[in-house]
Amino acid sequence: MSDEDQKVVIVTGGSKGIGAGLVATYRQQGWAVVATSRTIKPAADPAVLTVAGDISDPSTAGRIVTAALEAFGRIDTLINNAGVFIARPFTDYTDEDYALAVGVNLAGFFWLTQRLITEMLTRQSGHVVNISATLADYASSSTPSVLTSLTKGGLASATRSLAIEYAARGIRVSTVSPGVIQTPEPAPDTYDALAALHPLGRVGHAVTSSTASSTWSHPRSSPERSCTSTGARSPAADVRRRVRLGSASGRA
C-alpha cells in the first residue's frame with residue numbers, strides 16, 4: 001500500500017486495553033494510526049502517531065485532527081474508545097464523578113467527532129465508531145451505574161441520530177458492541193465482578209482484531225443499518241448489541 005493510499009484511523013484511549021489492541025491490529029492491516037490518551041508515550045513505529053491530552057478538553061480535539069492531517073494527510077475512521085465507568089449508588093455520586101463521566105464519555109466524543117465529521121465531509125467519506133456500555137441498555141441491581149446509563153446511553157442515541165444525518169453524505173456512524181472483555185486493564189481479582197455484569201456469567205478474552213475488522217469490512221449502508229454494528233463475539237458475548245466494559249473503574 002502506498003503512502004497516498006494508506007488509510008488512517010484515530011483511536012482514543014489508545015494507550016492500553018482494547019484501545020492498545022486496536023492500534024496494533026490496525027497496523028497489522030496496514031493502516032496508519034493516530035492514538036491518543038492522557039498518558040500515551042511516543043511510538044517507535046513511524047506509522048503510529050501518538051497525541052497526549054485530555055479528551056474532555058475541546059482543544060485536544062483540534063490538536064489530534066491537526067496532527068493527524070499534518071502527519072498522514074487524511075482521516076478515514078474515528079474510534080471513540082476512551083471512556084470511564086464509575087459504579088456507585090446514585091446518591092453517592094460526587095461532583096467530581098459527574099464531571100469526569102460527562103467530560104470523557106460525552107464531551108470527549110462530542111468535540112472530536114464534530115471536528116472529524118467536518119473533515120470527513122470534505123471527502124464525502126468516513127466512519128465513526130462509538131464504544132458504548134452494556135449497562136446503558138441492561139441495568140443491574142447489583143451494579144448501580146446511573147452515570148454510565150446517562151452518558152453511554154446518550155452516546156448510543158447520538159449514534160443513531162448522526163447515522164441518519166450523514167448517511168447520504170458518505171459517512172457511517174456505528175456502535176460496536178463486544179461483550180465484557182478481559183484485558184490487562186482490570187486486575188485479576190476483578191474478573192469475577194466483571195463476569196457478574198454479563199448475563200452469561202463469563203468474561204471474554206480480547207477480541208480486538210475482530211472488533212477492528214468490523215470497522216473496515218462493512219460496505220456503506222442505509223441509515224437504518226448504520227445505527228449500530230455488532231462486534232465479533234467472545235464466548236462471553238451474546239448477539240444483542242452487547243458492549244465492552246474495559247475495566248471495573250477508571251479511564252484510559
# chains A, B, ... in the order shown; residues from 1 in each chain; ligands from 1
>>> select_by_dssp(residues="range 109-187 of chain A", states="strand (DSSP E)", output="list in words")
Gly126, His127, Val128, Val129, Asn130, Ile131, Ile171, Arg172, Val173, Ser174, Thr175, Val176, Ile181 and Gln182 of chain A
>>> closest_residue(among="A:Leu135, A:Ala101, A:Ala43, A:Ile117", to="Ala61 in chain A", atoms="only C-alpha atoms")
A:Ile117
>>> residues_around(residues="Ala67 in chain A", least_positions_apart="3", cutoff="10 Å", atoms="only C-alpha atoms", output="PyMOL selection string")
chain A and resi 34+49-51+61-64+70-73
>>> closest_residue(among="A:Asp76, A:Asp5, A:Asp57, A:Asp137", to="Gly103 in chain A", atoms="only C-alpha atoms")
A:Asp57
>>> residues_around(residues="Asn130 in chain A", least_positions_apart="6", cutoff="7 Å", atoms="only C-alpha atoms", output="PDB file with C-alpha atoms, in the first residue's frame")
ATOM      1  CA  ILE A  79     -12.960   5.050  17.096  1.00  0.00           C
ATOM      2  CA  ASN A  80     -14.295   6.735  20.225  1.00  0.00           C
ATOM      3  CA  ASN A  81     -12.914   4.130  22.615  1.00  0.00           C
ATOM      4  CA  SER A 174     -21.795   2.873  14.240  1.00  0.00           C
ATOM      5  CA  THR A 175     -21.776   1.433  17.714  1.00  0.00           C
ATOM      6  CA  VAL A 176     -19.557  -1.638  18.092  1.00  0.00           C
TER       7      VAL A 176
END
>>> closest_residue(among="A:Arg172, A:Arg27, A:Thr60, A:Gly14", to="Thr39 in chain A", atoms="only C-alpha atoms")
A:Gly14
>>> residues_around(residues="Thr148 in chain A", least_positions_apart="6", cutoff="9 Å", atoms="only C-alpha atoms", output="VMD selection string")
chain A and resid 84 to 87 101 105 133 135 to 136
>>> select_by_dssp(residues="range 73-165 of chain A", states="helix (DSSP H, G or I)", output="PyMOL selection string")
chain A and resi 90-92+95-121+134-136+146-165
>>> write_last_selection(atoms="C-alpha atoms", output="mmCIF file, in the first residue's frame")
data_model
loop_
_atom_site.group_PDB
_atom_site.id
_atom_site.type_symbol
_atom_site.label_atom_id
_atom_site.label_comp_id
_atom_site.auth_asym_id
_atom_site.auth_seq_id
_atom_site.Cartn_x
_atom_site.Cartn_y
_atom_site.Cartn_z
ATOM 1 C CA PHE A 90 -26.945 7.073 42.796
ATOM 2 C CA THR A 91 -26.920 9.179 45.956
ATOM 3 C CA ASP A 92 -23.193 8.580 46.488
ATOM 4 C CA ASP A 95 -19.486 16.385 41.621
ATOM 5 C CA GLU A 96 -16.108 15.023 40.533
ATOM 6 C CA ASP A 97 -17.641 11.723 39.402
ATOM 7 C CA TYR A 98 -20.220 13.543 37.330
ATOM 8 C CA ALA A 99 -17.717 15.896 35.724
ATOM 9 C CA LEU A 100 -15.352 13.022 34.867
ATOM 10 C CA ALA A 101 -18.006 10.781 33.299
ATOM 11 C CA VAL A 102 -19.661 13.561 31.324
ATOM 12 C CA GLY A 103 -16.311 15.009 30.292
ATOM 13 C CA VAL A 104 -14.832 11.788 28.900
ATOM 14 C CA ASN A 105 -17.881 9.817 27.775
ATOM 15 C CA LEU A 106 -19.870 12.689 26.267
ATOM 16 C CA ALA A 107 -17.760 15.825 25.807
ATOM 17 C CA GLY A 108 -14.785 13.806 24.549
ATOM 18 C CA PHE A 109 -16.972 12.106 21.965
ATOM 19 C CA PHE A 110 -18.728 15.342 21.011
ATOM 20 C CA TRP A 111 -15.759 17.608 20.338
ATOM 21 C CA LEU A 112 -13.604 15.104 18.488
ATOM 22 C CA THR A 113 -16.453 13.650 16.431
ATOM 23 C CA GLN A 114 -17.667 17.121 15.445
ATOM 24 C CA ARG A 115 -14.192 18.085 14.301
ATOM 25 C CA LEU A 116 -13.704 14.798 12.434
ATOM 26 C CA ILE A 117 -17.034 14.879 10.632
ATOM 27 C CA THR A 118 -16.235 18.391 9.456
ATOM 28 C CA GLU A 119 -13.075 16.986 7.886
ATOM 29 C CA MET A 120 -14.785 13.864 6.522
ATOM 30 C CA LEU A 121 -17.380 15.979 4.753
ATOM 31 C CA THR A 134 -23.742 -2.912 28.376
ATOM 32 C CA LEU A 135 -25.271 -1.293 31.435
ATOM 33 C CA ALA A 136 -26.652 1.551 29.327
ATOM 34 C CA VAL A 146 -26.551 5.731 36.583
ATOM 35 C CA LEU A 147 -23.662 7.788 35.227
ATOM 36 C CA THR A 148 -22.873 5.013 32.761
ATOM 37 C CA SER A 149 -26.508 4.844 31.673
ATOM 38 C CA LEU A 150 -26.701 8.604 31.382
ATOM 39 C CA THR A 151 -23.541 9.074 29.345
ATOM 40 C CA LYS A 152 -23.188 5.860 27.354
ATOM 41 C CA GLY A 153 -26.928 5.740 26.757
ATOM 42 C CA GLY A 154 -26.666 9.252 25.383
ATOM 43 C CA LEU A 155 -23.803 8.122 23.169
ATOM 44 C CA ALA A 156 -25.935 5.328 21.702
ATOM 45 C CA SER A 157 -28.740 7.775 20.940
ATOM 46 C CA ALA A 158 -26.282 10.197 19.351
ATOM 47 C CA THR A 159 -25.014 7.365 17.139
ATOM 48 C CA ARG A 160 -28.486 6.789 15.732
ATOM 49 C CA SER A 161 -29.029 10.482 15.131
ATOM 50 C CA LEU A 162 -25.685 11.007 13.399
ATOM 51 C CA ALA A 163 -26.101 7.864 11.289
ATOM 52 C CA ILE A 164 -29.334 9.223 9.866
ATOM 53 C CA GLU A 165 -27.978 12.747 9.435
#
>>> atom_distance(atom1="CA of Ala82 in chain A", atom2="CA of Thr36 in chain A")
8.9 Å
>>> closest_residue(among="A:Ser132, A:Ser59, A:Ser141, A:Thr25", to="Val9 in chain A", atoms="only C-alpha atoms")
A:Thr25
>>> closest_residue(among="A:Gln6, A:Ser15, A:Gln29, A:Pro144", to="Arg88 in chain A", atoms="only C-alpha atoms")
A:Pro144
>>> atom_distance(atom1="CA of Ile18 in chain A", atom2="CA of Arg123 in chain A")
28.7 Å
>>> atom_distance(atom1="CA of Gly13 in chain A", atom2="CA of Tyr138 in chain A")
24.0 Å
>>> decode(residues="range 123-153 of chain A", atoms="C-alpha atoms", output="CSV table (one decimal), in the first residue's frame")
chain,number,residue,atom,x,y,z
A,123,ARG,CA,-14.1,14.0,1.1
A,124,GLN,CA,-17.7,12.7,1.5
A,125,SER,CA,-16.3,9.6,3.2
A,126,GLY,CA,-15.6,8.4,6.7
A,127,HIS,CA,-16.6,6.1,9.5
A,128,VAL,CA,-17.2,7.0,13.2
A,129,VAL,CA,-17.3,4.1,15.6
A,130,ASN,CA,-18.5,4.6,19.2
A,131,ILE,CA,-17.9,2.2,22.0
A,132,SER,CA,-20.9,2.2,24.4
A,133,ALA,CA,-21.5,0.1,27.6
A,134,THR,CA,-23.7,-2.9,28.4
A,135,LEU,CA,-25.3,-1.3,31.4
A,136,ALA,CA,-26.7,1.6,29.3
A,137,ASP,CA,-29.2,-1.0,27.9
A,138,TYR,CA,-29.3,-3.6,30.6
A,139,ALA,CA,-29.4,-2.2,34.1
A,140,SER,CA,-28.3,-4.5,37.0
A,141,SER,CA,-29.4,-4.2,40.6
A,142,SER,CA,-26.0,-5.5,41.7
A,143,THR,CA,-24.1,-2.8,39.8
A,144,PRO,CA,-25.7,0.7,40.3
A,145,SER,CA,-24.3,2.8,37.5
A,146,VAL,CA,-26.6,5.7,36.6
A,147,LEU,CA,-23.7,7.8,35.2
A,148,THR,CA,-22.9,5.0,32.8
A,149,SER,CA,-26.5,4.8,31.7
A,150,LEU,CA,-26.7,8.6,31.4
A,151,THR,CA,-23.5,9.1,29.3
A,152,LYS,CA,-23.2,5.9,27.4
A,153,GLY,CA,-26.9,5.7,26.8
